[in-house]
Amino acid sequence: MLKTRVIPCLQLIGDSLVKTIKFKNPAYIGDPINTVRIFNELEVDELCFLDIRATMEKRQPNIEILHQIANECFMPLSYGGGINDFETARTIMSIGFEKLVVNTQSYYNPDFITQLSRHFGAQAVVASIDIKKNILGKYHVYVRDGSEKIDVPIIDYAKRLEKAGAGEILLTAMEKDGTWSGFDIDIIRKVSQAVAVPVIANGGAGNITHIEEAVKSGHASAVCLGSMIVYQQKGMGVLVNFPDKQELEKRLQ
Amino acid sequence: MVTIIDYGMGNLGSIQNMFKRIGTASEITGDKKRIASATKILLPGVGAFDAAMEKIAETNLLEILNKKALEDKVPVLGICLGMQLLTNGSEEGNLAGLGWIDGETIKFNFAENSPLKVPHMGWNLIHPIKASPLTADLPPEPRFYFVHSYYVQAKNPDNVLSITHHGHGFHSVVQQQNIYGAQFHPEKSHKFGMQLLANFSKL
């Protein structure tokens with residue numbers, strides 16, 4: 001059977017590794033290259049890098065640091081942040097990334113998703129959807145690093161992106177980010193059931209039980225880990241780590 | 001020295017980086033003269049079947065590749081789409097494949113409500129069914145990274161080195177004499193990928 005992917009999701013601002021809480025207050029974690037070397041030794045399934053401020057700061061992706069990352073890694077890699085044009089996408093793929101993560105442009109320019117999908121194949125295109133639940137329990141989709149609410153129902157939006165050519169959907173619950181409080185299982189399940197492409201659950205992972213819930217109850221095809229893999233524990237210091245693999249395999253059977 | 005064929009499809013940097021890591025010299029080239037002197041050929045590929053065959057035709061590499069594989073019989077390894085190109089053709093396109101391994105490339109076809117996803121993407125096991133120097137010194141069921149929507153079905157069971165399951169079994173490693181194909185990405189598969197590429201470099 002296919003092994004469920006458990007993916008460290010590393011946030012970048014330029015060439016620094018950071019970690020946010022609810023998309024705010026990025027704390028400096030360290031140097032991305034040292035970190036990927038550790039994940040190489042830990043033989044993680046896949047790595048996802050997101051430059052969380054590239055779009056907001058109107059920066060191009062930092063190709064130099066991405067190139068160094070690709071040279072170090074013997075695992076599948078995805079990158080998102082500031083991918084606005086085909087040439088940039090092509091450069092990122094050519095230096096050894098497998099997947100392009102597109103968030104803001106997925107909304108403003110769905111034809112871009114189609115173009116990337118036609119050229120690189122749907123498996124290379126990850127549409128990223130950031131969502132936030134309001135106090136009434138209603139979900140909204142956000143773009144531009146969570147700063148801009150867009151007026152489209154989340155399920156319709158996910159289906160639209162799938163139709164445009166996205167091969168995967170990265171679903172991030174903003175209010176769960178950095179909280180160690182578990183994934184938002186309900187919305188993961190709803191999106192997973194609405195689309196045929198794999199859904200990657202992101203936001204809230206704090207322990208192996210959370211991962212198990214996202215997969216078994218939420219039907220996520222894969223999960224992203226953020227705080228859990230760069231901190232010792234909640235509120236404690238930086239420690240690049242990965243959950244025990246045998247335990248993971250046992251729980252995700 | 002492993003010659004990695006550059007015909008304009010796919011990420012070649014990570015393949016070369018893994019050869020570097022295991023201490024095998026490699027070069028990336030689309031130059032006919034360089035390919036003519038190759039002693040081992042790696043045929044990469046990511047993308048669509050017809051686009052790849054068109055590129056091979058456009059860059060005038062078909063003749064020299066046929067000569068190296070079929071007459072000189074240098075070891076050849078096709079990976080991912082590069083493996084599918086070894087077959088007679090694909091449901092993904094209309095163009096003929098290289099036809100070096102008798103078989104077809106077929107689309108995964110699951111019911112709409114099936115939990116099985118296409119592309120088959122992620123880590124999966126290969127179940128060896130025949131020993132070979134390419135798959136030597138691997139554990140009984142090594143795991144590799146796959147990303148593909150089409151799979152190879154060899155006609156002759158003797159050509160099948162391993163099976164992988166995604167809904168049903170498909171041929172994940174094939175061999176016809178000096179010609180090998182692997183559906184997964186060794187360059188993205190950590191130590192098992194390194195072992196496989198090291199084995200290939202010793203053929």
# chains A, B, ... in the order shown; residues from 1 in each chain; ligands from 1

call {"tool": "residues_around", "arguments": {"residues": "Asp151 in chain A", "least_positions_apart": "2", "cutoff": "12 Å", "atoms": "only C-alpha atoms", "output": "PyMOL selection string"}}
result
chain A and resi 107+131+139-143+148-149+153-154+156-157

call {"tool": "interface_residues", "arguments": {"of": "chain B", "to": "chain A", "cutoff": "10 Å", "atoms": "only C-alpha atoms", "output": "number ranges by chain"}}
result
B: 8-18, 21, 46-48, 51, 112-125, 143-149, 164-167, 185-191, 193-194

call {"tool": "atom_distance", "arguments": {"atom1": "CA of Arg90 in chain A", "atom2": "CA of Leu47 in chain A"}}
result
19.0 Å

call {"tool": "select_by_dssp", "arguments": {"residues": "range 53-169 of chain B", "states": "helix (DSSP H, G or I)", "output": "ChimeraX atom specification"}}
result
/B:53-58,62-71,81-84,157-159

call {"tool": "write_last_selection", "arguments": {"atoms": "C-alpha atoms", "output": "CSV table (one decimal), in the first residue's frame"}}
result
chain,number,residue,atom,x,y,z
B,53,MET,CA,9.4,11.5,-28.1
B,54,GLU,CA,9.0,14.7,-30.1
B,55,LYS,CA,12.0,16.2,-28.3
B,56,ILE,CA,14.1,13.1,-29.0
B,57,ALA,CA,13.2,13.4,-32.6
B,58,GLU,CA,13.8,17.2,-32.8
B,62,LEU,CA,16.8,8.7,-31.9
B,63,GLU,CA,19.4,7.1,-34.2
B,64,ILE,CA,22.3,7.3,-31.8
B,65,LEU,CA,20.2,6.1,-28.9
B,66,ASN,CA,19.0,3.1,-30.9
B,67,LYS,CA,22.6,2.3,-31.9
B,68,LYS,CA,23.9,2.6,-28.3
B,69,ALA,CA,21.1,0.5,-26.8
B,70,LEU,CA,20.5,-2.1,-29.5
B,71,GLU,CA,23.9,-2.5,-31.2
B,81,LEU,CA,8.9,8.7,-18.1
B,82,GLY,CA,12.3,7.5,-19.4
B,83,MET,CA,11.1,4.0,-18.5
B,84,GLN,CA,7.8,4.4,-20.3
B,157,PRO,CA,7.0,-11.8,-17.9
B,158,ASP,CA,10.8,-12.5,-18.2
B,159,ASN,CA,11.3,-8.7,-18.5

call {"tool": "select_by_dssp", "arguments": {"residues": "range 21-121 of chain B", "states": "strand (DSSP E)", "output": "MDAnalysis selection string"}}
result
chainID B and resid 26:29 41:43 76:79 89:90 103:107 120:121

call {"tool": "write_last_selection", "arguments": {"atoms": "N, CA and C atoms", "output": "compact mmCIF listing (two decimals), in the first residue's frame"}}
result
# COMPACT_ATOMS: atom_id res chain seq x y z
N SER B 26 29.59 11.55 -13.74
CA SER B 26 28.47 11.60 -14.68
C SER B 26 28.54 12.89 -15.47
N GLU B 27 27.90 12.88 -16.62
CA GLU B 27 27.79 14.11 -17.39
C GLU B 27 26.37 14.22 -17.93
N ILE B 28 25.92 15.48 -18.05
CA ILE B 28 24.61 15.75 -18.63
C ILE B 28 24.85 16.27 -20.03
N THR B 29 24.32 15.60 -21.04
CA THR B 29 24.57 16.07 -22.39
C THR B 29 23.46 15.68 -23.35
N ILE B 41 24.16 4.77 -20.15
CA ILE B 41 23.22 5.84 -20.49
C ILE B 41 22.05 5.85 -19.51
N LEU B 42 21.81 7.02 -18.97
CA LEU B 42 20.62 7.20 -18.13
C LEU B 42 19.64 8.09 -18.89
N LEU B 43 18.44 7.56 -19.08
CA LEU B 43 17.41 8.28 -19.82
C LEU B 43 16.37 8.79 -18.82
N VAL B 76 21.62 0.70 -20.18
CA VAL B 76 20.71 1.86 -20.26
C VAL B 76 19.74 1.76 -19.09
N LEU B 77 19.50 2.89 -18.44
CA LEU B 77 18.47 2.94 -17.40
C LEU B 77 17.52 4.08 -17.69
N GLY B 78 16.26 3.73 -17.94
CA GLY B 78 15.22 4.75 -18.11
C GLY B 78 14.49 4.93 -16.80
N ILE B 79 14.35 6.17 -16.35
CA ILE B 79 13.61 6.36 -15.10
C ILE B 79 12.37 7.22 -15.32
N GLY B 89 4.55 2.11 -26.91
CA GLY B 89 3.72 3.30 -27.00
C GLY B 89 2.94 3.49 -25.70
N SER B 90 2.23 4.61 -25.62
CA SER B 90 1.54 4.95 -24.38
C SER B 90 0.13 5.42 -24.66
N GLY B 103 6.13 -3.95 -24.76
CA GLY B 103 5.09 -3.68 -23.77
C GLY B 103 4.44 -2.35 -24.06
N GLU B 104 3.47 -2.02 -23.23
CA GLU B 104 2.71 -0.79 -23.44
C GLU B 104 2.72 0.03 -22.16
N THR B 105 2.43 1.32 -22.32
CA THR B 105 2.28 2.20 -21.17
C THR B 105 0.80 2.56 -21.05
N ILE B 106 0.25 2.29 -19.87
CA ILE B 106 -1.20 2.31 -19.68
C ILE B 106 -1.57 3.28 -18.56
N LYS B 107 -2.73 3.93 -18.70
CA LYS B 107 -3.16 4.88 -17.66
C LYS B 107 -3.82 4.15 -16.49
N HIS B 120 -0.34 8.32 -9.10
CA HIS B 120 0.22 7.53 -8.00
C HIS B 120 1.44 8.29 -7.53
N MET B 121 1.31 8.89 -6.37
CA MET B 121 2.38 9.80 -5.92
C MET B 121 2.72 9.50 -4.48

call {"tool": "decode", "arguments": {"residues": "range 129-158 of chain A", "atoms": "N, CA and C atoms", "output": "PDB file, in the first residue's frame"}}
result
ATOM      1  N   ILE A 129      -4.352  26.437  -0.361  1.00  0.00           N
ATOM      2  CA  ILE A 129      -5.540  27.165   0.098  1.00  0.00           C
ATOM      3  C   ILE A 129      -5.387  27.437   1.593  1.00  0.00           C
ATOM      4  N   ASP A 130      -5.333  28.713   1.944  1.00  0.00           N
ATOM      5  CA  ASP A 130      -5.304  29.103   3.355  1.00  0.00           C
ATOM      6  C   ASP A 130      -6.730  29.419   3.779  1.00  0.00           C
ATOM      7  N   ILE A 131      -7.127  28.832   4.901  1.00  0.00           N
ATOM      8  CA  ILE A 131      -8.506  29.051   5.353  1.00  0.00           C
ATOM      9  C   ILE A 131      -8.529  29.509   6.813  1.00  0.00           C
ATOM     10  N   LYS A 132      -9.555  30.257   7.119  1.00  0.00           N
ATOM     11  CA  LYS A 132      -9.739  30.693   8.506  1.00  0.00           C
ATOM     12  C   LYS A 132     -11.208  30.558   8.856  1.00  0.00           C
ATOM     13  N   LYS A 133     -11.448  30.040  10.054  1.00  0.00           N
ATOM     14  CA  LYS A 133     -12.824  29.882  10.529  1.00  0.00           C
ATOM     15  C   LYS A 133     -13.164  31.113  11.363  1.00  0.00           C
ATOM     16  N   ASN A 134     -14.289  31.756  11.065  1.00  0.00           N
ATOM     17  CA  ASN A 134     -14.651  32.923  11.875  1.00  0.00           C
ATOM     18  C   ASN A 134     -15.397  32.485  13.137  1.00  0.00           C
ATOM     19  N   ILE A 135     -15.763  33.437  13.971  1.00  0.00           N
ATOM     20  CA  ILE A 135     -16.359  33.063  15.260  1.00  0.00           C
ATOM     21  C   ILE A 135     -17.706  32.361  15.116  1.00  0.00           C
ATOM     22  N   LEU A 136     -18.324  32.500  13.952  1.00  0.00           N
ATOM     23  CA  LEU A 136     -19.592  31.815  13.719  1.00  0.00           C
ATOM     24  C   LEU A 136     -19.376  30.411  13.143  1.00  0.00           C
ATOM     25  N   GLY A 137     -18.111  30.048  12.999  1.00  0.00           N
ATOM     26  CA  GLY A 137     -17.804  28.721  12.481  1.00  0.00           C
ATOM     27  C   GLY A 137     -17.821  28.639  10.968  1.00  0.00           C
ATOM     28  N   LYS A 138     -17.893  29.789  10.295  1.00  0.00           N
ATOM     29  CA  LYS A 138     -17.896  29.794   8.837  1.00  0.00           C
ATOM     30  C   LYS A 138     -16.464  29.955   8.320  1.00  0.00           C
ATOM     31  N   TYR A 139     -16.149  29.169   7.287  1.00  0.00           N
ATOM     32  CA  TYR A 139     -14.793  29.206   6.743  1.00  0.00           C
ATOM     33  C   TYR A 139     -14.670  30.223   5.616  1.00  0.00           C
ATOM     34  N   HIS A 140     -13.526  30.884   5.585  1.00  0.00           N
ATOM     35  CA  HIS A 140     -13.209  31.769   4.481  1.00  0.00           C
ATOM     36  C   HIS A 140     -11.824  31.444   3.936  1.00  0.00           C
ATOM     37  N   VAL A 141     -11.689  31.672   2.643  1.00  0.00           N
ATOM     38  CA  VAL A 141     -10.397  31.472   1.982  1.00  0.00           C
ATOM     39  C   VAL A 141      -9.635  32.788   2.005  1.00  0.00           C
ATOM     40  N   TYR A 142      -8.329  32.695   2.252  1.00  0.00           N
ATOM     41  CA  TYR A 142      -7.470  33.879   2.266  1.00  0.00           C
ATOM     42  C   TYR A 142      -6.315  33.695   1.291  1.00  0.00           C
ATOM     43  N   VAL A 143      -5.851  34.813   0.733  1.00  0.00           N
ATOM     44  CA  VAL A 143      -4.629  34.801  -0.084  1.00  0.00           C
ATOM     45  C   VAL A 143      -3.683  35.865   0.474  1.00  0.00           C
ATOM     46  N   ARG A 144      -2.551  36.057  -0.219  1.00  0.00           N
ATOM     47  CA  ARG A 144      -1.523  37.010   0.219  1.00  0.00           C
ATOM     48  C   ARG A 144      -1.143  36.782   1.678  1.00  0.00           C
ATOM     49  N   ASP A 145      -0.602  35.586   1.947  1.00  0.00           N
ATOM     50  CA  ASP A 145      -0.127  35.245   3.290  1.00  0.00           C
ATOM     51  C   ASP A 145      -1.198  35.509   4.343  1.00  0.00           C
ATOM     52  N   GLY A 146      -2.417  35.174   4.012  1.00  0.00           N
ATOM     53  CA  GLY A 146      -3.497  35.287   4.988  1.00  0.00           C
ATOM     54  C   GLY A 146      -3.998  36.687   5.225  1.00  0.00           C
ATOM     55  N   SER A 147      -3.612  37.625   4.371  1.00  0.00           N
ATOM     56  CA  SER A 147      -3.981  39.019   4.649  1.00  0.00           C
ATOM     57  C   SER A 147      -5.223  39.472   3.887  1.00  0.00           C
ATOM     58  N   GLU A 148      -5.635  38.677   2.886  1.00  0.00           N
ATOM     59  CA  GLU A 148      -6.736  39.136   2.048  1.00  0.00           C
ATOM     60  C   GLU A 148      -7.807  38.060   1.945  1.00  0.00           C
ATOM     61  N   LYS A 149      -8.985  38.374   2.449  1.00  0.00           N
ATOM     62  CA  LYS A 149     -10.102  37.425   2.407  1.00  0.00           C
ATOM     63  C   LYS A 149     -10.717  37.448   1.014  1.00  0.00           C
ATOM     64  N   ILE A 150     -10.972  36.292   0.460  1.00  0.00           N
ATOM     65  CA  ILE A 150     -11.602  36.263  -0.863  1.00  0.00           C
ATOM     66  C   ILE A 150     -12.985  35.646  -0.750  1.00  0.00           C
ATOM     67  N   ASP A 151     -13.833  36.106  -1.644  1.00  0.00           N
ATOM     68  CA  ASP A 151     -15.240  35.770  -1.524  1.00  0.00           C
ATOM     69  C   ASP A 151     -15.572  34.588  -2.410  1.00  0.00           C
ATOM     70  N   VAL A 152     -15.213  33.397  -1.951  1.00  0.00           N
ATOM     71  CA  VAL A 152     -15.545  32.200  -2.709  1.00  0.00           C
ATOM     72  C   VAL A 152     -15.670  31.040  -1.711  1.00  0.00           C
ATOM     73  N   PRO A 153     -16.746  30.236  -1.826  1.00  0.00           N
ATOM     74  CA  PRO A 153     -16.902  29.102  -0.907  1.00  0.00           C
ATOM     75  C   PRO A 153     -15.743  28.121  -1.067  1.00  0.00           C
ATOM     76  N   ILE A 154     -15.245  27.610   0.042  1.00  0.00           N
ATOM     77  CA  ILE A 154     -14.018  26.820   0.019  1.00  0.00           C
ATOM     78  C   ILE A 154     -14.123  25.576  -0.864  1.00  0.00           C
ATOM     79  N   ILE A 155     -15.257  24.864  -0.816  1.00  0.00           N
ATOM     80  CA  ILE A 155     -15.379  23.630  -1.613  1.00  0.00           C
ATOM     81  C   ILE A 155     -15.391  23.963  -3.109  1.00  0.00           C
ATOM     82  N   ASP A 156     -16.137  25.026  -3.461  1.00  0.00           N
ATOM     83  CA  ASP A 156     -16.157  25.461  -4.863  1.00  0.00           C
ATOM     84  C   ASP A 156     -14.757  25.827  -5.326  1.00  0.00           C
ATOM     85  N   TYR A 157     -14.041  26.510  -4.433  1.00  0.00           N
ATOM     86  CA  TYR A 157     -12.690  26.962  -4.772  1.00  0.00           C
ATOM     87  C   TYR A 157     -11.755  25.758  -4.989  1.00  0.00           C
ATOM     88  N   ALA A 158     -11.833  24.783  -4.081  1.00  0.00           N
ATOM     89  CA  ALA A 158     -10.985  23.589  -4.211  1.00  0.00           C
ATOM     90  C   ALA A 158     -11.292  22.855  -5.514  1.00  0.00           C
TER      91      ALA A 158
END
